[in-house]
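Listing of final-v6.cif, mmCIF, C-alpha atoms
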data_run
#
loop_
_atom_site.label_atom_id
_atom_site.label_comp_id
_atom_site.auth_asym_id
_atom_site.auth_seq_id
_atom_site.Cartn_x
_atom_site.Cartn_y
_atom_site.Cartn_z
CA MET A 1 -61.21 -9.67 -92.50
CA GLU A 2 -64.54 -11.50 -92.39
CA GLY A 3 -62.82 -14.58 -93.81
CA GLU A 4 -60.14 -14.31 -91.12
CA ALA A 5 -62.82 -14.24 -88.40
CA HIS A 6 -64.47 -17.33 -89.86
CA ASN A 7 -61.09 -19.08 -90.04
CA PHE A 8 -60.38 -18.17 -86.42
CA ILE A 9 -63.68 -19.66 -85.27
CA PHE A 10 -63.05 -22.78 -87.36
CA VAL A 11 -59.50 -23.20 -86.04
CA TRP A 12 -60.54 -23.05 -82.41
CA SER A 13 -63.62 -25.20 -82.94
CA VAL A 14 -61.40 -27.92 -84.40
CA ALA A 15 -58.84 -27.40 -81.62
CA LEU A 16 -61.44 -27.79 -78.86
CA ALA A 17 -62.90 -30.88 -80.54
CA SER A 18 -59.37 -32.31 -80.75
CA LEU A 19 -58.83 -31.68 -77.05
CA LEU A 20 -62.10 -33.46 -76.28
CA TYR A 21 -60.77 -36.43 -78.26
CA SER A 22 -57.42 -36.23 -76.42
CA HIS A 23 -59.15 -36.17 -73.04
CA ASN A 24 -61.12 -39.29 -73.94
CA ILE A 25 -57.98 -41.02 -75.24
CA GLY A 26 -56.41 -40.52 -71.83
CA MET A 27 -59.40 -42.14 -70.14
CA PHE A 28 -59.07 -45.40 -72.11
CA ILE A 29 -55.41 -45.74 -73.18
CA SER A 30 -52.56 -46.00 -70.68
CA PRO A 31 -49.53 -43.72 -70.99
CA GLY A 32 -46.96 -44.91 -73.47
CA THR A 33 -46.32 -45.39 -77.17
CA THR A 34 -49.90 -46.36 -78.01
CA ARG A 35 -51.29 -43.20 -76.43
CA PHE A 36 -48.66 -41.11 -78.22
CA LEU A 37 -49.56 -42.61 -81.59
CA SER A 38 -53.24 -41.93 -80.84
CA LEU A 39 -52.47 -38.28 -80.03
CA PHE A 40 -50.00 -37.70 -82.86
CA PRO A 41 -52.71 -36.62 -85.37
CA VAL A 42 -53.81 -33.95 -82.89
CA ILE A 43 -50.23 -32.73 -82.43
CA PHE A 44 -49.81 -32.53 -86.22
CA LEU A 45 -53.16 -30.71 -86.51
CA PHE A 46 -52.09 -28.15 -83.90
CA PHE A 47 -49.14 -27.21 -86.11
CA TYR A 48 -51.30 -27.05 -89.23
CA LEU A 49 -54.29 -25.04 -87.96
CA PRO A 50 -52.52 -21.65 -87.44
CA LEU A 51 -51.58 -21.62 -91.13
CA SER A 52 -55.24 -20.72 -91.80
CA LEU A 53 -54.72 -17.38 -90.04
CA HIS A 54 -52.84 -14.39 -91.43
CA THR A 55 -53.24 -11.52 -88.96
CA MET A 56 -50.51 -11.13 -86.34
CA PHE A 57 -52.89 -10.80 -83.40
CA LEU A 58 -54.71 -14.04 -84.27
CA CYS A 59 -52.01 -16.19 -85.86
CA GLY A 60 -49.23 -15.43 -83.35
CA PRO A 61 -51.08 -16.26 -80.10
CA THR A 62 -52.78 -19.26 -81.75
CA PHE A 63 -49.42 -20.74 -82.77
CA PHE A 64 -47.99 -20.03 -79.33
CA VAL A 65 -50.75 -21.71 -77.32
CA LEU A 66 -51.63 -24.52 -79.75
CA SER A 67 -48.54 -25.40 -81.80
CA TRP A 68 -46.02 -24.80 -79.05
CA LEU A 69 -47.56 -25.08 -75.58
CA GLY A 70 -50.49 -27.30 -76.56
CA SER A 71 -48.55 -29.82 -78.63
CA PHE A 72 -45.69 -30.04 -76.12
CA LYS A 73 -48.16 -30.60 -73.26
CA LEU A 74 -49.87 -33.34 -75.27
CA ILE A 75 -46.50 -35.05 -75.84
CA LEU A 76 -45.95 -35.09 -72.08
CA TYR A 77 -49.53 -36.25 -71.55
CA ALA A 78 -48.94 -39.16 -73.91
CA PHE A 79 -46.34 -40.50 -71.48
CA GLY A 80 -48.21 -39.67 -68.28
CA GLN A 81 -46.27 -36.50 -67.50
CA GLY A 82 -46.84 -32.76 -67.50
CA PRO A 83 -49.71 -30.57 -66.33
CA LEU A 84 -52.38 -32.54 -68.22
CA SER A 85 -51.62 -35.76 -66.33
CA SER A 86 -53.36 -36.02 -63.00
CA HIS A 87 -54.77 -38.62 -60.60
CA PRO A 88 -57.71 -38.49 -60.63
CA PRO A 89 -57.89 -37.21 -64.26
CA LEU A 90 -58.58 -33.52 -64.78
CA PRO A 91 -62.18 -32.56 -65.57
CA LEU A 92 -62.71 -31.73 -69.24
CA SER A 93 -62.93 -27.96 -68.69
CA GLN A 94 -59.66 -27.90 -66.74
CA PHE A 95 -58.00 -30.22 -69.25
CA MET A 96 -58.88 -27.94 -72.17
CA SER A 97 -57.91 -24.76 -70.33
CA THR A 98 -54.60 -26.19 -69.18
CA ALA A 99 -53.81 -27.52 -72.67
CA CYS A 100 -54.41 -24.31 -74.61
CA LEU A 101 -53.85 -21.53 -72.10
CA PRO A 102 -50.63 -20.47 -70.34
CA ILE A 103 -51.98 -21.43 -66.90
CA LYS A 104 -50.82 -23.46 -63.96
CA ILE A 105 -53.41 -25.20 -61.82
CA LYS A 106 -52.43 -25.95 -58.25
CA LYS A 107 -53.27 -29.50 -57.25
CA ASN A 108 -56.24 -29.66 -54.90
CA GLN A 109 -56.12 -25.91 -54.53
CA LEU A 110 -58.29 -24.23 -57.12
CA TYR A 111 -59.17 -20.69 -56.22
CA SER A 112 -62.63 -19.62 -55.21
CA SER A 113 -64.02 -16.23 -56.15
CA GLN A 114 -63.16 -14.95 -52.66
CA ASP A 115 -59.51 -15.98 -53.09
CA PHE A 116 -59.05 -13.62 -56.04
CA THR A 117 -59.41 -10.62 -53.78
CA LYS A 118 -56.85 -12.03 -51.33
CA LYS A 119 -54.23 -12.99 -53.91
CA PRO A 120 -52.06 -9.99 -54.78
CA GLN A 121 -52.44 -8.95 -58.39
CA ARG A 122 -50.57 -6.45 -60.48
CA SER A 123 -52.00 -3.00 -59.91
CA PRO A 124 -53.97 -1.33 -62.74
CA LYS A 125 -51.52 1.58 -62.31
CA ASP A 126 -48.71 -0.74 -63.37
CA TYR A 127 -50.49 -1.54 -66.63
CA ALA A 128 -51.46 2.10 -67.10
CA LEU A 129 -47.78 3.05 -66.92
CA ARG A 130 -46.92 0.34 -69.45
CA VAL A 131 -49.63 1.51 -71.82
CA LEU A 132 -48.32 5.08 -71.49
CA LEU A 133 -44.79 3.92 -72.28
CA LEU A 134 -46.09 1.96 -75.27
CA LEU A 135 -47.88 5.06 -76.63
CA VAL A 136 -44.68 7.06 -76.20
CA ALA A 137 -42.75 4.31 -78.00
CA VAL A 138 -45.25 4.28 -80.89
CA LYS A 139 -45.09 8.07 -81.14
CA ALA A 140 -41.29 8.00 -81.11
CA TYR A 141 -41.29 5.32 -83.81
CA GLY A 142 -42.88 7.86 -86.13
CA TYR A 143 -39.54 9.70 -86.02
CA ARG A 144 -37.44 6.53 -86.35
CA GLU A 145 -35.39 7.96 -89.21
CA ASN A 146 -34.00 10.53 -86.76
CA LEU A 147 -33.44 8.05 -83.94
CA HIS A 148 -30.26 6.25 -83.07
CA PRO A 149 -30.50 2.58 -84.16
CA LEU A 150 -29.97 1.37 -80.60
CA PHE A 151 -32.84 3.52 -79.33
CA ALA A 152 -35.11 2.37 -82.15
CA THR A 153 -34.29 -1.25 -81.40
CA SER A 154 -35.04 -0.64 -77.71
CA ILE A 155 -38.53 0.37 -78.80
CA TYR A 156 -38.88 -2.97 -80.60
CA ALA A 157 -37.73 -4.82 -77.47
CA TYR A 158 -40.26 -3.01 -75.28
CA TYR A 159 -43.00 -3.70 -77.82
CA ILE A 160 -42.34 -7.45 -77.58
CA PHE A 161 -42.12 -7.37 -73.78
CA PHE A 162 -45.37 -5.41 -73.42
CA SER A 163 -47.24 -7.58 -75.96
CA LEU A 164 -46.31 -10.75 -74.06
CA GLU A 165 -47.33 -9.22 -70.73
CA LEU A 166 -50.65 -8.03 -72.15
CA LEU A 167 -51.39 -11.41 -73.75
CA LEU A 168 -50.72 -13.22 -70.50
CA ALA A 169 -52.74 -10.74 -68.45
CA VAL A 170 -55.75 -11.44 -70.68
CA ALA A 171 -55.14 -15.20 -70.40
CA ALA A 172 -54.95 -14.89 -66.60
CA PHE A 173 -58.26 -13.03 -66.50
CA PHE A 174 -60.12 -15.69 -68.48
CA ALA A 175 -58.38 -18.53 -66.62
CA ARG A 176 -59.53 -17.23 -63.26
CA ILE A 177 -63.09 -16.80 -64.49
CA LEU A 178 -63.36 -20.18 -66.22
CA VAL A 179 -61.59 -22.63 -63.92
CA GLY A 180 -60.13 -20.65 -61.02
CA ALA A 181 -56.60 -21.30 -62.22
CA GLU A 182 -53.35 -19.56 -61.42
CA LEU A 183 -51.39 -18.16 -64.35
CA GLU A 184 -47.86 -19.46 -64.69
CA PRO A 185 -45.41 -16.59 -64.07
CA GLN A 186 -43.99 -15.28 -67.31
CA PHE A 187 -41.32 -12.81 -66.22
CA ASP A 188 -39.37 -12.27 -63.01
CA GLN A 189 -37.60 -8.94 -63.42
CA PRO A 190 -35.31 -10.02 -66.29
CA HIS A 191 -33.33 -6.78 -65.99
CA HIS A 192 -32.03 -8.09 -62.65
CA ALA A 193 -30.47 -11.22 -64.18
CA THR A 194 -26.87 -11.74 -63.08
CA SER A 195 -25.97 -14.25 -65.81
CA VAL A 196 -27.32 -15.40 -69.15
CA GLN A 197 -28.26 -18.69 -67.48
CA ASP A 198 -30.19 -16.74 -64.84
CA PHE A 199 -31.87 -14.61 -67.53
CA TRP A 200 -33.23 -17.49 -69.63
CA GLY A 201 -33.73 -20.09 -66.92
CA LYS A 202 -35.26 -18.09 -64.08
CA ARG A 203 -36.44 -14.70 -65.34
CA TRP A 204 -37.48 -14.56 -69.01
CA ASN A 205 -40.35 -16.52 -70.56
CA LEU A 206 -40.63 -18.82 -67.57
CA MET A 207 -43.67 -20.56 -68.96
CA VAL A 208 -41.76 -21.74 -72.03
CA SER A 209 -38.84 -22.79 -69.81
CA SER A 210 -41.19 -24.87 -67.67
CA ILE A 211 -42.46 -26.77 -70.73
CA LEU A 212 -39.03 -27.16 -72.39
CA ARG A 213 -37.46 -28.75 -69.33
CA PRO A 214 -39.58 -31.93 -69.29
CA THR A 215 -39.92 -32.19 -73.08
CA VAL A 216 -36.31 -31.48 -74.13
CA TYR A 217 -33.88 -30.87 -71.26
CA PHE A 218 -34.55 -33.96 -69.12
CA PRO A 219 -34.82 -36.39 -72.09
CA ALA A 220 -31.55 -34.95 -73.46
CA ARG A 221 -29.86 -35.63 -70.12
CA GLN A 222 -31.01 -39.24 -70.30
CA ILE A 223 -29.76 -39.66 -73.87
CA PHE A 224 -26.35 -38.11 -73.21
CA GLY A 225 -26.14 -39.94 -69.90
CA HIS A 226 -24.85 -42.95 -71.83
CA LEU A 227 -22.01 -40.90 -73.32
CA LEU A 228 -20.87 -38.36 -70.74
CA PRO A 229 -20.11 -38.21 -67.01
CA ALA A 230 -23.07 -37.10 -64.87
CA GLY A 231 -21.39 -33.82 -63.97
CA TRP A 232 -21.34 -32.64 -67.59
CA LEU A 233 -24.79 -33.70 -68.76
CA ALA A 234 -26.25 -30.21 -68.33
CA ILE A 235 -24.15 -28.79 -71.18
CA PRO A 236 -25.53 -30.82 -74.14
CA ALA A 237 -28.98 -30.79 -72.53
CA VAL A 238 -28.97 -26.99 -72.33
CA PHE A 239 -27.72 -26.71 -75.92
CA SER A 240 -30.47 -29.08 -77.14
CA THR A 241 -33.08 -27.03 -75.29
CA PHE A 242 -31.97 -23.76 -76.86
CA LEU A 243 -31.80 -25.39 -80.31
CA VAL A 244 -35.44 -26.54 -80.04
CA SER A 245 -36.45 -23.12 -78.73
CA GLY A 246 -34.73 -21.49 -81.70
CA ILE A 247 -36.54 -23.74 -84.17
CA MET A 248 -39.89 -22.97 -82.53
CA HIS A 249 -39.21 -19.22 -82.69
CA GLU A 250 -38.19 -19.61 -86.33
CA MET A 251 -41.53 -21.29 -86.97
CA ILE A 252 -43.41 -18.47 -85.24
CA PHE A 253 -41.71 -15.93 -87.51
CA TYR A 254 -42.59 -18.05 -90.55
CA TYR A 255 -46.24 -18.34 -89.56
CA LEU A 256 -46.46 -14.58 -88.97
CA GLY A 257 -44.88 -13.51 -92.26
CA ARG A 258 -44.82 -16.61 -94.50
CA LEU A 259 -41.30 -15.55 -95.48
CA THR A 260 -38.49 -17.97 -96.30
CA PRO A 261 -36.64 -18.70 -93.03
CA THR A 262 -33.20 -17.11 -92.74
CA TRP A 263 -32.36 -19.11 -89.57
CA GLU A 264 -31.09 -15.95 -87.88
CA VAL A 265 -33.46 -16.52 -84.95
CA THR A 266 -32.31 -20.12 -84.60
CA TRP A 267 -28.68 -18.99 -84.53
CA PHE A 268 -29.59 -16.40 -81.90
CA PHE A 269 -30.77 -19.14 -79.55
CA VAL A 270 -27.90 -21.44 -80.48
CA ILE A 271 -25.48 -18.69 -79.39
CA GLN A 272 -27.41 -18.24 -76.15
CA GLY A 273 -27.15 -21.99 -75.54
CA ILE A 274 -23.42 -22.01 -76.24
CA TRP A 275 -22.89 -19.13 -73.84
CA VAL A 276 -25.00 -20.71 -71.08
CA GLY A 277 -22.97 -23.91 -71.54
CA THR A 278 -19.79 -21.84 -71.24
CA GLU A 279 -21.09 -20.31 -68.00
CA ILE A 280 -21.75 -23.80 -66.62
CA VAL A 281 -18.20 -24.88 -67.45
CA LEU A 282 -16.70 -21.74 -65.90
CA LYS A 283 -18.73 -22.20 -62.72
CA LYS A 284 -17.51 -25.78 -62.46
CA GLN A 285 -13.88 -24.84 -63.05
CA ILE A 286 -13.69 -21.55 -61.16
CA GLY A 287 -16.61 -21.77 -58.75
CA GLN A 288 -16.88 -18.64 -56.62
CA LYS A 289 -13.17 -17.83 -56.81
CA PHE A 290 -13.95 -15.06 -59.26
CA GLU A 291 -17.38 -13.51 -58.89
CA PRO A 292 -17.81 -9.95 -60.23
CA PRO A 293 -19.97 -7.44 -58.37
CA THR A 294 -23.71 -7.86 -58.89
CA ILE A 295 -24.10 -4.59 -60.80
CA VAL A 296 -21.30 -5.60 -63.19
CA SER A 297 -22.90 -9.02 -63.75
CA LYS A 298 -26.25 -7.39 -64.52
CA ILE A 299 -24.75 -4.96 -67.02
CA LEU A 300 -22.71 -7.65 -68.79
CA THR A 301 -25.72 -10.00 -68.96
CA LEU A 302 -28.08 -7.42 -70.44
CA ALA A 303 -25.37 -6.22 -72.82
CA PHE A 304 -24.81 -9.73 -74.16
CA VAL A 305 -28.54 -10.44 -74.61
CA LEU A 306 -29.25 -7.06 -76.23
CA ILE A 307 -26.24 -7.08 -78.55
CA THR A 308 -27.04 -10.56 -79.84
CA SER A 309 -30.71 -9.53 -80.15
CA PHE A 310 -29.79 -6.46 -82.24
CA TRP A 311 -27.63 -8.70 -84.40
CA LEU A 312 -29.82 -11.76 -85.01
CA PHE A 313 -33.28 -11.48 -83.43
CA PHE A 314 -34.64 -8.08 -84.33
CA PRO A 315 -33.69 -7.93 -88.06
CA PRO A 316 -35.98 -10.85 -89.05
CA PHE A 317 -38.61 -9.57 -86.63
CA MET A 318 -38.65 -6.15 -88.29
CA ARG A 319 -38.92 -7.73 -91.73
CA LEU A 320 -42.40 -8.78 -90.61
CA ASN A 321 -43.35 -5.08 -90.35
CA PRO A 322 -44.89 -5.69 -86.91
CA PHE A 323 -45.68 -2.05 -86.14
CA GLY A 324 -47.41 -1.32 -89.42
CA ARG A 325 -49.37 -4.57 -89.49
CA GLY A 326 -50.23 -4.33 -85.82
CA CYS A 327 -51.50 -0.77 -86.20
CA ARG A 328 -53.70 -1.66 -89.16
CA GLU A 329 -55.11 -4.71 -87.38
CA VAL A 330 -55.98 -2.65 -84.30
CA LEU A 331 -57.76 -0.12 -86.53
CA ALA A 332 -59.61 -2.95 -88.27
CA PHE A 333 -60.82 -4.42 -84.98
CA GLY A 334 -61.76 -0.96 -83.77
CA GLY A 335 -63.69 -0.35 -86.99
CA PHE A 336 -65.68 -3.53 -86.40
CA PHE A 337 -66.80 -2.40 -82.95
CA LYS A 338 -67.51 1.11 -84.22
CA HIS A 339 -69.31 0.31 -87.48
CA GLY A 340 -70.25 -3.34 -87.01
CA GLN A 341 -68.47 -4.27 -90.24
CA LEU A 342 -65.34 -6.34 -90.78
CA ILE A 343 -62.87 -4.67 -93.13
CA SER A 344 -59.47 -5.98 -94.16
CA PRO A 345 -56.57 -4.38 -92.27
CA ASP A 346 -55.00 -3.62 -95.65
CA GLU A 347 -57.78 -1.05 -96.21
CA TYR A 348 -56.50 1.03 -93.31
CA SER A 349 -53.48 3.31 -93.19
CA CYS A 350 -51.49 4.31 -90.12
CA PRO A 351 -50.00 7.78 -89.71
CA TYR A 352 -46.62 6.52 -88.52
CA PHE A 353 -46.03 3.37 -90.60
#

Just give me the structure of the file as structure tokens.
Amino acid sequence: MEGEAHNFIFVWSVALASLLYSHNIGMFISPGTTRFLSLFPVIFLFFYLPLSLHTMFLCGPTFFVLSWLGSFKLILYAFGQGPLSSHPPLPLSQFMSTACLPIKIKKNQLYSSQDFTKKPQRSPKDYALRVLLLLVAVKAYGYRENLHPLFATSIYAYYIFFSLELLLAVAAFFARILVGAELEPQFDQPHHATSVQDFWGKRWNLMVSSILRPTVYFPARQIFGHLLPAGWLAIPAVFSTFLVSGIMHEMIFYYLGRLTPTWEVTWFFVIQGIWVGTEIVLKKQIGQKFEPPTIVSKILTLAFVLITSFWLFFPPFMRLNPFGRGCREVLAFGGFFKHGQLISPDEYSCPYF
């Protein structure tokens, strides 16, 4: 565990130094191919650095903010686009925070300390309820052999949802303290989605959607614009976006477990892309002639997402043993604060895993 802590410090020291270099590159080299080639070593490094980490709670978030968000933002920055490009240029502290944190800075409207009290935030009671539900889920997982597979998988789904919310809540806290920045919204009541397109495009993982649009979706529309009529460009662009998202998720799973990819996760997102494309075609052909009741649309949407998740997303996720590893890592971190000594998570045992 001590080696993991040293690796974590090294990884982020190199990452911050790389962002300092990237900021300076932007000051002297105009957007375009030359800037991209100058930033390419940093992008490559951002994919390499998380391989030095092996714990889920350090490797997973590091890959997410560096390899995915950070590298994609740097690609946009190379061509004068995205949140890192600004006139005048962003100060170094804001540049680094925007590059490696899931935050969104409003132009010419950074918050002051007084604004934080005015801006509505999620109530601590909301998080308390989520923590309570997580504890119930963990307790129930101890009896997983007696649970229906669908109920057990629902526990996995809630675990992922809560982990993402918690990670982003922590990121929001530090973002507001460091640079007075607003956190990009991550979820917008995904259980209220009325179509698969609505679920992925407007309600689930909105931060990733906001970075995939300029890096994949819009360039794909330009490429296919030479081959297809304008009215149909969204279909191959959407499919390309889901394909890239699937590959990035596949990489996350590899980094977390170092297991040979099975490509199940990639196929999960490919299927989502095919279905969203189908919805686009149906809307163009049928329009509002046939529009099921809202409650029916919500049920069908969640059923499709959950069934495909049970089939292709959760099996490779569970092969990572996330509950067992997560429990041992929490105990290891707790042991450090209690005894002041770093011990490998493998030295701990969990009562339920």

Coordinates-based distance that separates CA of Gly70 (chain A) from CA of Ile211 (chain A) (Å, one decimal):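 Separation between CA of Ile211 (chain A) and CA of Gly70 (chain A): 9.9 Å.
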
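Each of A:Phe40, A:Phe239, A:Phe253, A:Phe304 was checked against Thr278 (chain A) using only C-alpha atoms; the smallest atom-to-atom distance is that of A:Phe239.
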
Mind pulling up the distance from CA of His23 (chain A) to CA of Leu90 (chain A)?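 Pair CA of Leu90 (chain A) / CA of His23 (chain A) returns 8.7 Å.
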
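Residues in contact range of Ser309 (chain A), defined as at most 12 Å between only C-alpha atoms, with sequence neighbours fewer than 2 positions away removed, read A:Leu150, A:Thr153, A:Ser154, A:Tyr156, A:Ala157, A:Glu264, A:Val265, A:Thr266, A:Trp267, A:Phe268, A:Phe269, A:Ile271, A:Gln272, A:Leu302, A:Ala303, A:Phe304, A:Val305, A:Leu306, A:Ile307, A:Trp311, A:Leu312, A:Phe313, A:Phe314, A:Pro315, A:Pro316, A:Phe317, A:Met318.
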
Can you turn the PyMOL selection byres ((chain A and resi 237) around 6) into a concrete residue list for this file, as a PyMOL selection string? chain A and resi 217+220-221+234-236+238-240

To verify the selection step, state as a PDB file with C-alpha atoms, in the frame of the given file which residues the PyMOL selection byres ((chain A and resi 21) around 12) yields on this input.
ATOM      1  CA  VAL A  14     -61.400 -27.920 -84.400  1.00  0.00           C
ATOM      2  CA  ALA A  15     -58.840 -27.400 -81.620  1.00  0.00           C
ATOM      3  CA  LEU A  16     -61.440 -27.790 -78.860  1.00  0.00           C
ATOM      4  CA  ALA A  17     -62.900 -30.880 -80.540  1.00  0.00           C
ATOM      5  CA  SER A  18     -59.370 -32.310 -80.750  1.00  0.00           C
ATOM      6  CA  LEU A  19     -58.830 -31.680 -77.050  1.00  0.00           C
ATOM      7  CA  LEU A  20     -62.100 -33.460 -76.280  1.00  0.00           C
ATOM      8  CA  SER A  22     -57.420 -36.230 -76.420  1.00  0.00           C
ATOM      9  CA  HIS A  23     -59.150 -36.170 -73.040  1.00  0.00           C
ATOM     10  CA  ASN A  24     -61.120 -39.290 -73.940  1.00  0.00           C
ATOM     11  CA  ILE A  25     -57.980 -41.020 -75.240  1.00  0.00           C
ATOM     12  CA  GLY A  26     -56.410 -40.520 -71.830  1.00  0.00           C
ATOM     13  CA  MET A  27     -59.400 -42.140 -70.140  1.00  0.00           C
ATOM     14  CA  PHE A  28     -59.070 -45.400 -72.110  1.00  0.00           C
ATOM     15  CA  ILE A  29     -55.410 -45.740 -73.180  1.00  0.00           C
ATOM     16  CA  ARG A  35     -51.290 -43.200 -76.430  1.00  0.00           C
ATOM     17  CA  SER A  38     -53.240 -41.930 -80.840  1.00  0.00           C
ATOM     18  CA  LEU A  39     -52.470 -38.280 -80.030  1.00  0.00           C
ATOM     19  CA  PHE A  40     -50.000 -37.700 -82.860  1.00  0.00           C
ATOM     20  CA  PRO A  41     -52.710 -36.620 -85.370  1.00  0.00           C
ATOM     21  CA  VAL A  42     -53.810 -33.950 -82.890  1.00  0.00           C
ATOM     22  CA  ILE A  43     -50.230 -32.730 -82.430  1.00  0.00           C
ATOM     23  CA  LEU A  74     -49.870 -33.340 -75.270  1.00  0.00           C
ATOM     24  CA  LEU A  92     -62.710 -31.730 -69.240  1.00  0.00           C
ATOM     25  CA  PHE A  95     -58.000 -30.220 -69.250  1.00  0.00           C
ATOM     26  CA  MET A  96     -58.880 -27.940 -72.170  1.00  0.00           C
TER      27      MET A  96
END

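Across the model, the gap from CA of Phe63 (chain A) to CA of Gly32 (chain A) is 26.0 Å.
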
Selected residue of minimal separation from Pro50 (chain A) among A:Tyr254, A:Phe187, A:Phe224, A:Phe242, counting all atoms listed in the file: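 Ranked by minimum distance to Pro50 (chain A), first place goes to A:Tyr254.
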
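Summary of the local environment: counting only C-alpha atoms, residues at most 10 Å from Ile299 (chain A), other than itself and those fewer than 4 positions away along its chain, are His191, His192, Ala193, Thr194, Ser195, Thr294, Ile295, Ala303 and Phe304 of chain A.
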
So, counting only C-alpha atoms, which residue among A:Met251, A:Val11, A:Val244, A:Met56 is closest to Pro322 (chain A)?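 Ranking A:Met251, A:Val11, A:Val244, A:Met56 by distance to Pro322 (chain A), first place goes to A:Met56.
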
I need the residue nearest Trp263 (chain A) from this list: A:Ile247, A:Val276, A:Leu37, A:Val136. Use only C-alpha atoms for the distance.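 Between A:Ile247, A:Val276, A:Leu37, A:Val136, the residue approaching Trp263 (chain A) most closely is A:Ile247.
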
Counting all atoms listed in the file, figure out which residue out of A:Gln81, A:Asn321, A:Gln285, A:Asn205 gets nearest to Phe36 (chain A).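 The shortest atom-to-atom distance to Phe36 (chain A) comes from A:Gln81.
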
Option closest in space to Leu259 (chain A), from A:Leu49, A:Pro88, A:Glu4, A:Leu320 [counting only C-alpha atoms]: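 Of A:Leu49, A:Pro88, A:Glu4, A:Leu320, the one nearest Leu259 (chain A) is A:Leu320, counting only C-alpha atoms.
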
Leu66 (chain A) environment, 10 Å, only C-alpha atoms, sequence neighbours closer than 3 positions dropped, as a VMD selection string: chain A and resid 12 15 43 45 to 50 61 to 63 69 to 73 99 to 101
